[in-house]
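Novice: Below you'll find structure.pdb; it's PDB, C-alpha atoms.
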ATOM      1  CA  MET P   1      53.462 -24.102  45.528  1.00  0.00           C
ATOM      2  CA  MET P   2      49.965 -24.378  44.053  1.00  0.00           C
ATOM      3  CA  ASP P   3      47.530 -26.085  46.430  1.00  0.00           C
ATOM      4  CA  ARG P   4      45.258 -28.915  45.343  1.00  0.00           C
ATOM      5  CA  THR P   5      42.173 -26.745  44.805  1.00  0.00           C
ATOM      6  CA  ASP P   6      44.081 -24.297  42.598  1.00  0.00           C
ATOM      7  CA  ALA P   7      45.661 -27.168  40.661  1.00  0.00           C
ATOM      8  CA  ASP P   8      42.240 -28.720  39.996  1.00  0.00           C
ATOM      9  CA  LEU P   9      40.893 -25.387  38.760  1.00  0.00           C
ATOM     10  CA  ALA P  10      43.928 -24.874  36.524  1.00  0.00           C
ATOM     11  CA  ALA P  11      43.457 -28.332  35.018  1.00  0.00           C
ATOM     12  CA  ARG P  12      39.800 -27.621  34.218  1.00  0.00           C
ATOM     13  CA  GLN P  13      40.664 -24.256  32.674  1.00  0.00           C
ATOM     14  CA  ARG P  14      43.437 -25.816  30.572  1.00  0.00           C
ATOM     15  CA  LEU P  15      41.125 -28.490  29.198  1.00  0.00           C
ATOM     16  CA  ASP P  16      38.445 -25.886  28.480  1.00  0.00           C
ATOM     17  CA  MET P  17      40.997 -23.894  26.477  1.00  0.00           C
ATOM     18  CA  LEU P  18      42.192 -26.954  24.549  1.00  0.00           C
ATOM     19  CA  ILE P  19      38.632 -27.837  23.526  1.00  0.00           C
ATOM     20  CA  ALA P  20      37.848 -24.250  22.518  1.00  0.00           C
ATOM     21  CA  GLN P  21      41.027 -23.985  20.429  1.00  0.00           C
ATOM     22  CA  THR P  22      40.588 -27.296  18.603  1.00  0.00           C
ATOM     23  CA  PRO P  23      38.267 -27.170  15.578  1.00  0.00           C
ATOM     24  CA  GLY P  24      35.454 -29.698  15.688  1.00  0.00           C
ATOM     25  CA  GLU P  25      35.890 -30.534  19.366  1.00  0.00           C
ATOM     26  CA  SER P  26      33.311 -29.988  22.099  1.00  0.00           C
ATOM     27  CA  TYR P  27      32.575 -31.097  25.634  1.00  0.00           C
ATOM     28  CA  SER P  28      30.462 -33.968  24.306  1.00  0.00           C
ATOM     29  CA  SER P  29      33.087 -35.138  21.796  1.00  0.00           C
ATOM     30  CA  VAL P  30      35.761 -35.329  24.512  1.00  0.00           C
ATOM     31  CA  SER P  31      33.284 -37.129  26.787  1.00  0.00           C
ATOM     32  CA  ALA P  32      32.768 -39.669  23.982  1.00  0.00           C
ATOM     33  CA  LEU P  33      36.543 -39.988  23.566  1.00  0.00           C
ATOM     34  CA  ILE P  34      36.837 -41.428  27.086  1.00  0.00           C
ATOM     35  CA  GLY P  35      33.595 -43.406  26.912  1.00  0.00           C
ATOM     36  CA  ARG P  36      31.585 -41.190  29.259  1.00  0.00           C
ATOM     37  CA  ASN P  37      28.089 -39.721  28.949  1.00  0.00           C
ATOM     38  CA  HIS P  38      27.812 -36.621  26.740  1.00  0.00           C
ATOM     39  CA  SER P  39      27.672 -34.133  29.642  1.00  0.00           C
ATOM     40  CA  TYR P  40      30.548 -35.611  31.671  1.00  0.00           C
ATOM     41  CA  ILE P  41      33.262 -33.175  30.570  1.00  0.00           C
ATOM     42  CA  GLN P  42      30.918 -30.180  30.751  1.00  0.00           C
ATOM     43  CA  GLN P  43      30.072 -31.028  34.360  1.00  0.00           C
ATOM     44  CA  TYR P  44      33.742 -31.552  35.152  1.00  0.00           C
ATOM     45  CA  ILE P  45      34.798 -28.187  33.696  1.00  0.00           C
ATOM     46  CA  ARG P  46      31.832 -26.034  34.685  1.00  0.00           C
ATOM     47  CA  ARG P  47      30.842 -27.575  38.006  1.00  0.00           C
ATOM     48  CA  GLY P  48      33.950 -29.399  39.153  1.00  0.00           C
ATOM     49  CA  GLN P  49      32.117 -32.715  39.318  1.00  0.00           C
ATOM     50  CA  PRO P  50      34.091 -34.920  39.435  1.00  0.00           C
ATOM     51  CA  LYS P  51      36.787 -32.897  41.165  1.00  0.00           C
ATOM     52  CA  ARG P  52      39.460 -34.396  38.929  1.00  0.00           C
ATOM     53  CA  LEU P  53      39.670 -36.772  35.998  1.00  0.00           C
ATOM     54  CA  GLN P  54      40.447 -40.411  36.486  1.00  0.00           C
ATOM     55  CA  GLU P  55      44.042 -41.245  35.620  1.00  0.00           C
ATOM     56  CA  ALA P  56      43.195 -43.310  32.540  1.00  0.00           C
ATOM     57  CA  ASP P  57      40.788 -40.639  31.251  1.00  0.00           C
ATOM     58  CA  ARG P  58      43.281 -37.843  31.903  1.00  0.00           C
ATOM     59  CA  ARG P  59      46.096 -39.588  30.073  1.00  0.00           C
ATOM     60  CA  LYS P  60      43.901 -40.429  27.106  1.00  0.00           C
ATOM     61  CA  ILE P  61      42.814 -36.804  26.770  1.00  0.00           C
ATOM     62  CA  ALA P  62      46.379 -35.534  27.228  1.00  0.00           C
ATOM     63  CA  ASP P  63      47.607 -37.886  24.497  1.00  0.00           C
ATOM     64  CA  TYR P  64      44.775 -36.823  22.201  1.00  0.00           C
ATOM     65  CA  PHE P  65      45.558 -33.114  22.562  1.00  0.00           C
ATOM     66  CA  ASN P  66      49.319 -33.813  22.619  1.00  0.00           C
ATOM     67  CA  VAL P  67      49.942 -32.042  25.924  1.00  0.00           C
ATOM     68  CA  ALA P  68      51.807 -33.030  29.076  1.00  0.00           C
ATOM     69  CA  ASP P  69      49.832 -35.073  31.588  1.00  0.00           C
ATOM     70  CA  HIS P  70      50.470 -32.558  34.377  1.00  0.00           C
ATOM     71  CA  GLU P  71      48.648 -29.831  32.394  1.00  0.00           C
ATOM     72  CA  LEU P  72      45.408 -31.724  33.053  1.00  0.00           C
ATOM     73  CA  GLY P  73      46.078 -32.427  36.701  1.00  0.00           C
ATOM     74  CA  GLY P  74      48.624 -35.241  36.573  1.00  0.00           C
ATOM     75  CA  PRO P  75      51.832 -35.247  38.637  1.00  0.00           C
ATOM     76  CA  ARG P  76      54.820 -33.240  37.446  1.00  0.00           C
ATOM     77  CA  GLN P  77      57.745 -35.589  37.089  1.00  0.00           C
ATOM     78  CA  ASP P  78      60.250 -32.740  37.191  1.00  0.00           C
ATOM     79  CA  LEU P  79      59.009 -31.611  40.620  1.00  0.00           C
ATOM     80  CA  ALA P  80      59.474 -34.932  42.370  1.00  0.00           C
ATOM     81  CA  ALA P  81      60.802 -34.754  45.914  1.00  0.00           C
ATOM     82  CA  PRO P  82      64.322 -36.013  46.644  1.00  0.00           C
ATOM     83  CA  SER P  83      64.558 -39.768  46.082  1.00  0.00           C
ATOM     84  CA  GLY P  84      61.163 -39.596  44.339  1.00  0.00           C
ATOM     85  CA  PHE P  85      59.340 -40.954  47.389  1.00  0.00           C
ATOM     86  CA  TYR P  86      56.622 -38.299  47.686  1.00  0.00           C
ATOM     87  CA  GLU P  87      55.993 -38.237  43.939  1.00  0.00           C
ATOM     88  CA  ALA P  88      55.594 -42.015  43.839  1.00  0.00           C
ATOM     89  CA  GLU P  89      53.323 -41.887  46.872  1.00  0.00           C
ATOM     90  CA  HIS P  90      51.141 -39.203  45.253  1.00  0.00           C
ATOM     91  CA  GLN P  91      50.726 -41.295  42.123  1.00  0.00           C
ATOM     92  CA  SER P  92      49.673 -44.311  44.172  1.00  0.00           C
ATOM     93  CA  LEU P  93      46.726 -42.493  45.794  1.00  0.00           C
ATOM     94  CA  VAL P  94      43.194 -41.813  44.635  1.00  0.00           C
ATOM     95  CA  PHE P  95      40.619 -39.651  46.426  1.00  0.00           C
ATOM     96  CA  VAL P  96      37.024 -40.634  47.202  1.00  0.00           C
ATOM     97  CA  ASP P  97      34.380 -38.050  48.139  1.00  0.00           C
ATOM     98  CA  ARG P  98      33.203 -37.991  51.733  1.00  0.00           C
ATOM     99  CA  TYR P  99      29.566 -36.992  52.386  1.00  0.00           C
ATOM    100  CA  ASP P 100      28.191 -35.441  55.544  1.00  0.00           C
ATOM    101  CA  VAL P 101      25.356 -37.940  55.606  1.00  0.00           C
ATOM    102  CA  ARG P 102      25.039 -40.497  58.385  1.00  0.00           C
ATOM    103  CA  PRO P 103      23.104 -43.608  57.374  1.00  0.00           C
ATOM    104  CA  SER P 104      21.680 -45.021  60.521  1.00  0.00           C
ATOM    105  CA  ALA P 105      22.413 -48.449  61.872  1.00  0.00           C
ATOM    106  CA  GLY P 106      19.452 -47.847  64.155  1.00  0.00           C
ATOM    107  CA  HIS P 107      16.291 -45.963  63.360  1.00  0.00           C
ATOM    108  CA  GLY P 108      17.362 -44.061  60.249  1.00  0.00           C
ATOM    109  CA  SER P 109      18.399 -40.520  59.458  1.00  0.00           C
ATOM    110  CA  ILE P 110      16.883 -38.111  56.973  1.00  0.00           C
ATOM    111  CA  VAL P 111      19.047 -37.068  54.033  1.00  0.00           C
ATOM    112  CA  ASP P 112      18.709 -33.330  53.458  1.00  0.00           C
ATOM    113  CA  HIS P 113      21.766 -32.697  51.270  1.00  0.00           C
ATOM    114  CA  ASP P 114      24.225 -34.618  49.143  1.00  0.00           C
ATOM    115  CA  SER P 115      27.185 -32.293  48.585  1.00  0.00           C
ATOM    116  CA  PRO P 116      30.619 -33.772  49.352  1.00  0.00           C
ATOM    117  CA  CYS P 117      32.292 -32.276  52.416  1.00  0.00           C
ATOM    118  CA  GLY P 118      35.795 -33.618  51.832  1.00  0.00           C
ATOM    119  CA  GLU P 119      37.859 -36.457  50.440  1.00  0.00           C
ATOM    120  CA  VAL P 120      39.408 -39.651  51.763  1.00  0.00           C
ATOM    121  CA  PRO P 121      42.640 -40.954  50.190  1.00  0.00           C
ATOM    122  CA  PHE P 122      42.967 -44.628  49.269  1.00  0.00           C
ATOM    123  CA  ARG P 123      45.878 -46.471  47.778  1.00  0.00           C
ATOM    124  CA  ILE P 124      45.043 -47.331  44.181  1.00  0.00           C
ATOM    125  CA  ASP P 125      46.097 -50.956  44.550  1.00  0.00           C
ATOM    126  CA  HIS P 126      43.971 -51.328  47.695  1.00  0.00           C
ATOM    127  CA  LEU P 127      40.919 -49.778  46.034  1.00  0.00           C
ATOM    128  CA  LYS P 128      41.296 -52.005  42.979  1.00  0.00           C
ATOM    129  CA  SER P 129      41.429 -55.049  45.253  1.00  0.00           C
ATOM    130  CA  LEU P 130      38.043 -54.016  46.688  1.00  0.00           C
ATOM    131  CA  THR P 131      36.138 -53.120  43.525  1.00  0.00           C
ATOM    132  CA  PRO P 132      36.516 -52.381  39.801  1.00  0.00           C
ATOM    133  CA  THR P 133      34.141 -49.427  40.201  1.00  0.00           C
ATOM    134  CA  PRO P 134      35.793 -46.047  39.454  1.00  0.00           C
ATOM    135  CA  PRO P 135      36.301 -43.713  42.458  1.00  0.00           C
ATOM    136  CA  ASP P 136      33.714 -41.200  41.243  1.00  0.00           C
ATOM    137  CA  ARG P 137      31.074 -43.900  41.804  1.00  0.00           C
ATOM    138  CA  LEU P 138      32.234 -44.537  45.379  1.00  0.00           C
ATOM    139  CA  SER P 139      31.475 -42.543  48.510  1.00  0.00           C
ATOM    140  CA  VAL P 140      32.527 -42.475  52.154  1.00  0.00           C
ATOM    141  CA  LEU P 141      29.797 -42.131  54.801  1.00  0.00           C
ATOM    142  CA  THR P 142      29.752 -42.300  58.598  1.00  0.00           C
ATOM    143  CA  VAL P 143      27.593 -44.840  60.428  1.00  0.00           C
ATOM    144  CA  LYS P 144      25.188 -43.702  63.125  1.00  0.00           C
ATOM    145  CA  GLY P 145      23.815 -46.125  65.725  1.00  0.00           C
ATOM    146  CA  ASP P 146      24.619 -49.665  66.824  1.00  0.00           C
ATOM    147  CA  SER P 147      22.106 -51.972  65.153  1.00  0.00           C
ATOM    148  CA  MET P 148      24.878 -53.430  62.960  1.00  0.00           C
ATOM    149  CA  TYR P 149      27.235 -53.969  65.885  1.00  0.00           C
ATOM    150  CA  PRO P 150      29.708 -55.713  66.078  1.00  0.00           C
ATOM    151  CA  THR P 151      30.185 -55.586  62.286  1.00  0.00           C
ATOM    152  CA  LEU P 152      29.716 -51.816  62.220  1.00  0.00           C
ATOM    153  CA  ALA P 153      29.919 -49.469  65.176  1.00  0.00           C
ATOM    154  CA  ASP P 154      28.659 -45.948  65.714  1.00  0.00           C
ATOM    155  CA  GLY P 155      31.089 -43.526  64.063  1.00  0.00           C
ATOM    156  CA  ASP P 156      32.614 -46.042  61.652  1.00  0.00           C
ATOM    157  CA  GLU P 157      33.464 -44.772  58.191  1.00  0.00           C
ATOM    158  CA  ILE P 158      32.192 -46.981  55.383  1.00  0.00           C
ATOM    159  CA  LEU P 159      33.085 -47.070  51.705  1.00  0.00           C
ATOM    160  CA  VAL P 160      29.983 -47.517  49.554  1.00  0.00           C
ATOM    161  CA  ASP P 161      30.051 -48.871  45.988  1.00  0.00           C
ATOM    162  CA  GLN P 162      27.160 -47.096  44.263  1.00  0.00           C
ATOM    163  CA  ASP P 163      27.326 -49.380  41.213  1.00  0.00           C
ATOM    164  CA  GLU P 164      26.330 -52.397  43.327  1.00  0.00           C
ATOM    165  CA  ARG P 165      22.619 -51.826  43.772  1.00  0.00           C
ATOM    166  CA  GLN P 166      21.308 -55.292  42.976  1.00  0.00           C
ATOM    167  CA  PRO P 167      20.968 -57.638  45.983  1.00  0.00           C
ATOM    168  CA  HIS P 168      22.747 -60.632  44.496  1.00  0.00           C
ATOM    169  CA  ARG P 169      24.445 -61.774  47.706  1.00  0.00           C
ATOM    170  CA  ASP P 170      24.282 -61.700  51.472  1.00  0.00           C
ATOM    171  CA  ALA P 171      25.982 -58.338  52.039  1.00  0.00           C
ATOM    172  CA  ILE P 172      25.672 -55.009  53.811  1.00  0.00           C
ATOM    173  CA  TYR P 173      23.986 -52.204  51.881  1.00  0.00           C
ATOM    174  CA  VAL P 174      23.028 -48.586  52.356  1.00  0.00           C
ATOM    175  CA  LEU P 175      19.337 -48.367  51.550  1.00  0.00           C
ATOM    176  CA  ARG P 176      16.550 -45.824  51.735  1.00  0.00           C
ATOM    177  CA  LEU P 177      13.422 -46.713  53.640  1.00  0.00           C
ATOM    178  CA  GLU P 178      10.695 -44.055  53.746  1.00  0.00           C
ATOM    179  CA  ASP P 179      13.160 -41.211  53.060  1.00  0.00           C
ATOM    180  CA  ALA P 180      15.582 -42.416  55.729  1.00  0.00           C
ATOM    181  CA  LEU P 181      18.996 -43.947  55.109  1.00  0.00           C
ATOM    182  CA  GLN P 182      19.770 -47.241  56.796  1.00  0.00           C
ATOM    183  CA  VAL P 183      22.713 -49.613  56.825  1.00  0.00           C
ATOM    184  CA  LYS P 184      21.498 -53.200  56.914  1.00  0.00           C
ATOM    185  CA  ARG P 185      22.439 -56.706  55.877  1.00  0.00           C
ATOM    186  CA  VAL P 186      20.439 -57.775  52.830  1.00  0.00           C
ATOM    187  CA  SER P 187      20.036 -61.302  51.525  1.00  0.00           C
ATOM    188  CA  VAL P 188      17.983 -62.725  48.669  1.00  0.00           C
ATOM    189  CA  ASN P 189      15.776 -65.793  48.687  1.00  0.00           C
ATOM    190  CA  PRO P 190      17.092 -67.734  45.660  1.00  0.00           C
ATOM    191  CA  ILE P 191      13.646 -69.143  44.881  1.00  0.00           C
ATOM    192  CA  THR P 192      11.269 -66.211  45.392  1.00  0.00           C
ATOM    193  CA  GLY P 193      13.686 -63.312  44.899  1.00  0.00           C
ATOM    194  CA  ARG P 194      12.268 -61.677  48.036  1.00  0.00           C
ATOM    195  CA  LEU P 195      14.625 -59.879  50.400  1.00  0.00           C
ATOM    196  CA  THR P 196      15.482 -60.268  54.047  1.00  0.00           C
ATOM    197  CA  ILE P 197      16.703 -57.054  55.653  1.00  0.00           C
ATOM    198  CA  LYS P 198      18.268 -57.582  59.028  1.00  0.00           C
ATOM    199  CA  SER P 199      20.442 -56.083  61.749  1.00  0.00           C
ATOM    200  CA  ASP P 200      23.564 -57.837  62.969  1.00  0.00           C
ATOM    201  CA  ASN P 201      22.756 -56.707  66.498  1.00  0.00           C
ATOM    202  CA  PRO P 202      20.087 -59.150  67.765  1.00  0.00           C
ATOM    203  CA  LEU P 203      18.521 -56.414  69.908  1.00  0.00           C
ATOM    204  CA  TYR P 204      17.153 -54.776  66.766  1.00  0.00           C
ATOM    205  CA  GLU P 205      14.341 -55.903  64.515  1.00  0.00           C
ATOM    206  CA  SER P 206      14.696 -57.421  61.070  1.00  0.00           C
ATOM    207  CA  TRP P 207      12.301 -57.731  58.151  1.00  0.00           C
ATOM    208  CA  SER P 208      11.726 -60.788  55.997  1.00  0.00           C
ATOM    209  CA  ASP P 209       9.905 -61.335  52.702  1.00  0.00           C
ATOM    210  CA  CYS P 210      10.477 -57.747  51.477  1.00  0.00           C
ATOM    211  CA  ASP P 211       9.559 -56.696  47.966  1.00  0.00           C
ATOM    212  CA  PRO P 212      12.786 -55.836  46.057  1.00  0.00           C
ATOM    213  CA  GLN P 213      10.836 -53.396  43.865  1.00  0.00           C
ATOM    214  CA  ARG P 214      10.023 -51.324  46.947  1.00  0.00           C
ATOM    215  CA  THR P 215      13.514 -51.447  48.406  1.00  0.00           C
ATOM    216  CA  ASP P 216      15.846 -48.672  47.271  1.00  0.00           C
ATOM    217  CA  LEU P 217      19.394 -49.991  47.549  1.00  0.00           C
ATOM    218  CA  LEU P 218      21.902 -47.139  47.156  1.00  0.00           C
ATOM    219  CA  GLY P 219      25.109 -49.156  47.228  1.00  0.00           C
ATOM    220  CA  ARG P 220      27.027 -51.979  48.882  1.00  0.00           C
ATOM    221  CA  VAL P 221      29.381 -51.414  51.792  1.00  0.00           C
ATOM    222  CA  ILE P 222      32.781 -52.746  50.695  1.00  0.00           C
ATOM    223  CA  TRP P 223      35.121 -51.397  53.397  1.00  0.00           C
ATOM    224  CA  VAL P 224      34.989 -50.078  56.926  1.00  0.00           C
ATOM    225  CA  GLY P 225      37.463 -47.952  58.848  1.00  0.00           C
ATOM    226  CA  ARG P 226      37.327 -46.875  62.465  1.00  0.00           C
ATOM    227  CA  ARG P 227      39.218 -44.882  65.032  1.00  0.00           C
ATOM    228  CA  LEU P 228      40.668 -46.613  68.051  1.00  0.00           C
TER     229      LEU P 228
END
Represent the structure from my file as C-alpha cells, please.
Specialist:
Amino acid sequence: MMDRTDADLAARQRLDMLIAQTPGESYSSVSALIGRNHSYIQQYIRRGQPKRLQEADRRKIADYFNVADHELGGPRQDLAAPSGFYEAEHQSLVFVDRYDVRPSAGHGSIVDHDSPCGEVPFRIDHLKSLTPTPPDRLSVLTVKGDSMYPTLADGDEILVDQDERQPHRDAIYVLRLEDALQVKRVSVNPITGRLTIKSDNPLYESWSDCDPQRTDLLGRVIWVGRRL
C-alpha cells in the first residue's frame, strides 16, 4: 500500500500533469480557480507547501479537470476497510503542521528555523468548532516554561491560529519580543488601544501600557493538549 508521503507526491505529480496537458491552464489560473494567491499551486506542486490540498479546494479542482477525487489525494472509496470504519475515520481527520519551535512561557526562546517537523491530526468537526481558519494557517507548538501556569504548563502542545493577529480580546497569544517567542495573555485597553501583556503565574512579571505597533503578535492560542 502506498504510504502517505508517496500518496502526497503522486497527487502533486498528477495535478502538474493535468495543468500541463490542459490548454490555457497554468499554476496561477488553478490558484485563482480556488481563490488562492497566484503562487499557491506552484508552491504546492514544486515545494510541497502545503503538504496536501484542502478538501474543498481538492474537490473543486478534481471537478474542474473531471478526474476522480482520489487522483488528487482524496480517499479511495473502493479501498474502504470492512464496514467502512477506517475510511470514514480518515475522511473525518485533517492534519496540522507541528513546528520544532518552543515559545517560552518564561524568558523566551530564539527562533532559528521554521520548517515543520511533523503533523498532528484533528477531527474536522472539532477543528471547525475552534476556528474557521483553514488548517494551513494553523500550527502546533510546544510550550517551554511555567510563567503561564496553571493555564499552560511546560511541555503542553498548543494550537495557534495565525490569522488571529489583532488583539481584540483578552486571550493568549504567541508573540515575538526582541527576536524571542513568548506565550502571554494579551488584553486591550478599550479607550487607549494600548496593550497589557501578562503572565498567568503571579511569580512572573507583566507589562502594561504596551504599544501595539511594537508588539508582533504571531497568532492566538485556541487549544491546548497535554500528556498525563
Novice: Name all residues at most 9 Å from region 129-133 of chain P (count all atoms listed in the file; drop same-chain ones fewer than 3 positions away) and give them as a PyMOL selection string.
Specialist: chain P and resi 124-126+136-138+161-164+222-223
Novice: Taking (47.2, -37.2, 24.6) as a centre in this file's frame and 12 Å as the limit, can you find every polymer residue with an atom that close, using all atoms listed in the file, and give them as a list in words?
Specialist: Leu15, Leu18, Val30, Leu33, Ile34, Ala56, Asp57, Arg58, Arg59, Lys60, Ile61, Ala62, Asp63, Tyr64, Phe65, Asn66, Val67, Ala68, Asp69, His70, Glu71 and Leu72 of chain P
Novice: Keeping only C-alpha atoms, take the residues you just selected and write them out as a short mmCIF file (atom, residue, chain, number, x, y, z; two decimals), in the frame of the given file.
Specialist:
data_model
loop_
_atom_site.label_atom_id
_atom_site.label_comp_id
_atom_site.auth_asym_id
_atom_site.auth_seq_id
_atom_site.Cartn_x
_atom_site.Cartn_y
_atom_site.Cartn_z
CA LEU P 15 41.12 -28.49 29.20
CA LEU P 18 42.19 -26.95 24.55
CA VAL P 30 35.76 -35.33 24.51
CA LEU P 33 36.54 -39.99 23.57
CA ILE P 34 36.84 -41.43 27.09
CA ALA P 56 43.20 -43.31 32.54
CA ASP P 57 40.79 -40.64 31.25
CA ARG P 58 43.28 -37.84 31.90
CA ARG P 59 46.10 -39.59 30.07
CA LYS P 60 43.90 -40.43 27.11
CA ILE P 61 42.81 -36.80 26.77
CA ALA P 62 46.38 -35.53 27.23
CA ASP P 63 47.61 -37.89 24.50
CA TYR P 64 44.78 -36.82 22.20
CA PHE P 65 45.56 -33.11 22.56
CA ASN P 66 49.32 -33.81 22.62
CA VAL P 67 49.94 -32.04 25.92
CA ALA P 68 51.81 -33.03 29.08
CA ASP P 69 49.83 -35.07 31.59
CA HIS P 70 50.47 -32.56 34.38
CA GLU P 71 48.65 -29.83 32.39
CA LEU P 72 45.41 -31.72 33.05
#
Novice: Evaluate the PyMOL selection byres ((chain P and resi 166-172) around 6) and record the selected residues as a PyMOL selection string, following the chain and residue labels used in the document.
Specialist: chain P and resi 164-165+173+184-187+220-221
Novice: What separation in Å, quoted to one decimal, exists between CA of Tyr99 (chain P) and CA of Val120 (chain P)?
Specialist: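 Here the two named atoms are 10.2 Å from each other.
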Novice: From the set P:Ser208, P:Ser39, P:Leu218, P:Ser26, which residue has the shortest atom-to-atom contact distance to Arg176 (chain P), counting only C-alpha atoms?
Specialist: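 Going through P:Ser208, P:Ser39, P:Leu218, P:Ser26 one by one, the smallest distance to Arg176 (chain P) is for P:Leu218.
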Novice: Could you check how far CA of Asp97 (chain P) sits from CA of Glu119 (chain P), in Å to one decimal?
Specialist: 4.5 Å
Novice: Choose the residue, out of P:Pro134, P:Gly155, P:Gly24, P:Pro121, that has the smallest atom-to-atom separation from Leu93 (chain P); count only C-alpha atoms.
Specialist: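 When distances to Leu93 (chain P) are compared using only C-alpha atoms, the smallest one comes from P:Pro121.
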Novice: Record the distance separating CA of Ser199 (chain P) and CA of Met148 (chain P), expressed in Å with one decimal.
Specialist: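 Going from CA of Ser199 (chain P) over to CA of Met148 (chain P) covers 5.3 Å.
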Novice: Name the residues that the PyMOL selection byres ((chain P and resi 207) around 9) picks from the file above, as a list of chain:residue names, using the file's chain letters and numbers.
Specialist: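 Taken on the displayed file, the PyMOL selection byres ((chain P and resi 207) around 9) yields the residues P:Leu195, P:Thr196, P:Ile197, P:Lys198, P:Glu205, P:Ser206, P:Ser208, P:Asp209, P:Cys210.
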Novice: Name all residues at most 7 Å from Leu141 (chain P) (count all atoms listed in the file; drop same-chain ones fewer than 4 positions away) and give them as a list in words.
Specialist: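 Near Leu141 (chain P), the qualifying residues are Arg98, Tyr99, Asp100, Val101, Arg102, Glu157, Ile158 and Leu159 of chain P.
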Novice: Would you mind listing what lies within 9 Å of Arg52 (chain P) as a list in words, with all atoms listed in the file counted and same-chain residues fewer than 3 positions away left out?
Specialist: Asp8, Ala11, Arg12, Tyr44, Gly48, Gln49, Glu55, Arg58, Leu72 and Gly73 of chain P
Novice: Write out the residues from the selection above, keeping C-alpha atoms, as a PDB file, keeping the file's coordinate frame.
Specialist:
ATOM      1  CA  ASP P   8      42.240 -28.720  39.996  1.00  0.00           C
ATOM      2  CA  ALA P  11      43.457 -28.332  35.018  1.00  0.00           C
ATOM      3  CA  ARG P  12      39.800 -27.621  34.218  1.00  0.00           C
ATOM      4  CA  TYR P  44      33.742 -31.552  35.152  1.00  0.00           C
ATOM      5  CA  GLY P  48      33.950 -29.399  39.153  1.00  0.00           C
ATOM      6  CA  GLN P  49      32.117 -32.715  39.318  1.00  0.00           C
ATOM      7  CA  GLU P  55      44.042 -41.245  35.620  1.00  0.00           C
ATOM      8  CA  ARG P  58      43.281 -37.843  31.903  1.00  0.00           C
ATOM      9  CA  LEU P  72      45.408 -31.724  33.053  1.00  0.00           C
ATOM     10  CA  GLY P  73      46.078 -32.427  36.701  1.00  0.00           C
TER      11      GLY P  73
END
Novice: Using the file's own x, y and z axes, what box holds all listed atoms of region 40-48 of chain P with 4 Å on each side, keeping edges along x, y and z, and what are its centre and edge lengths in Å to one decimal, as JSON?
Specialist:
{"center_x": 32.4, "center_y": -30.8, "center_z": 34.9, "size_x": 12.7, "size_y": 17.6, "size_z": 16.6}
Novice: Tell me which of P:Gln182, P:Tyr149, P:Ala10, P:Asn189 sits closest to Leu203 (chain P), counting all atoms listed in the file.
Specialist: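 Looking only at the distances to Leu203 (chain P), the closest residue turns out to be P:Tyr149.
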Novice: Given the choices P:Leu152, P:Ile41, P:Val94, P:Val224, which gets closest to Glu25 (chain P) if the distance is worked out from only C-alpha atoms?
Specialist: P:Ile41
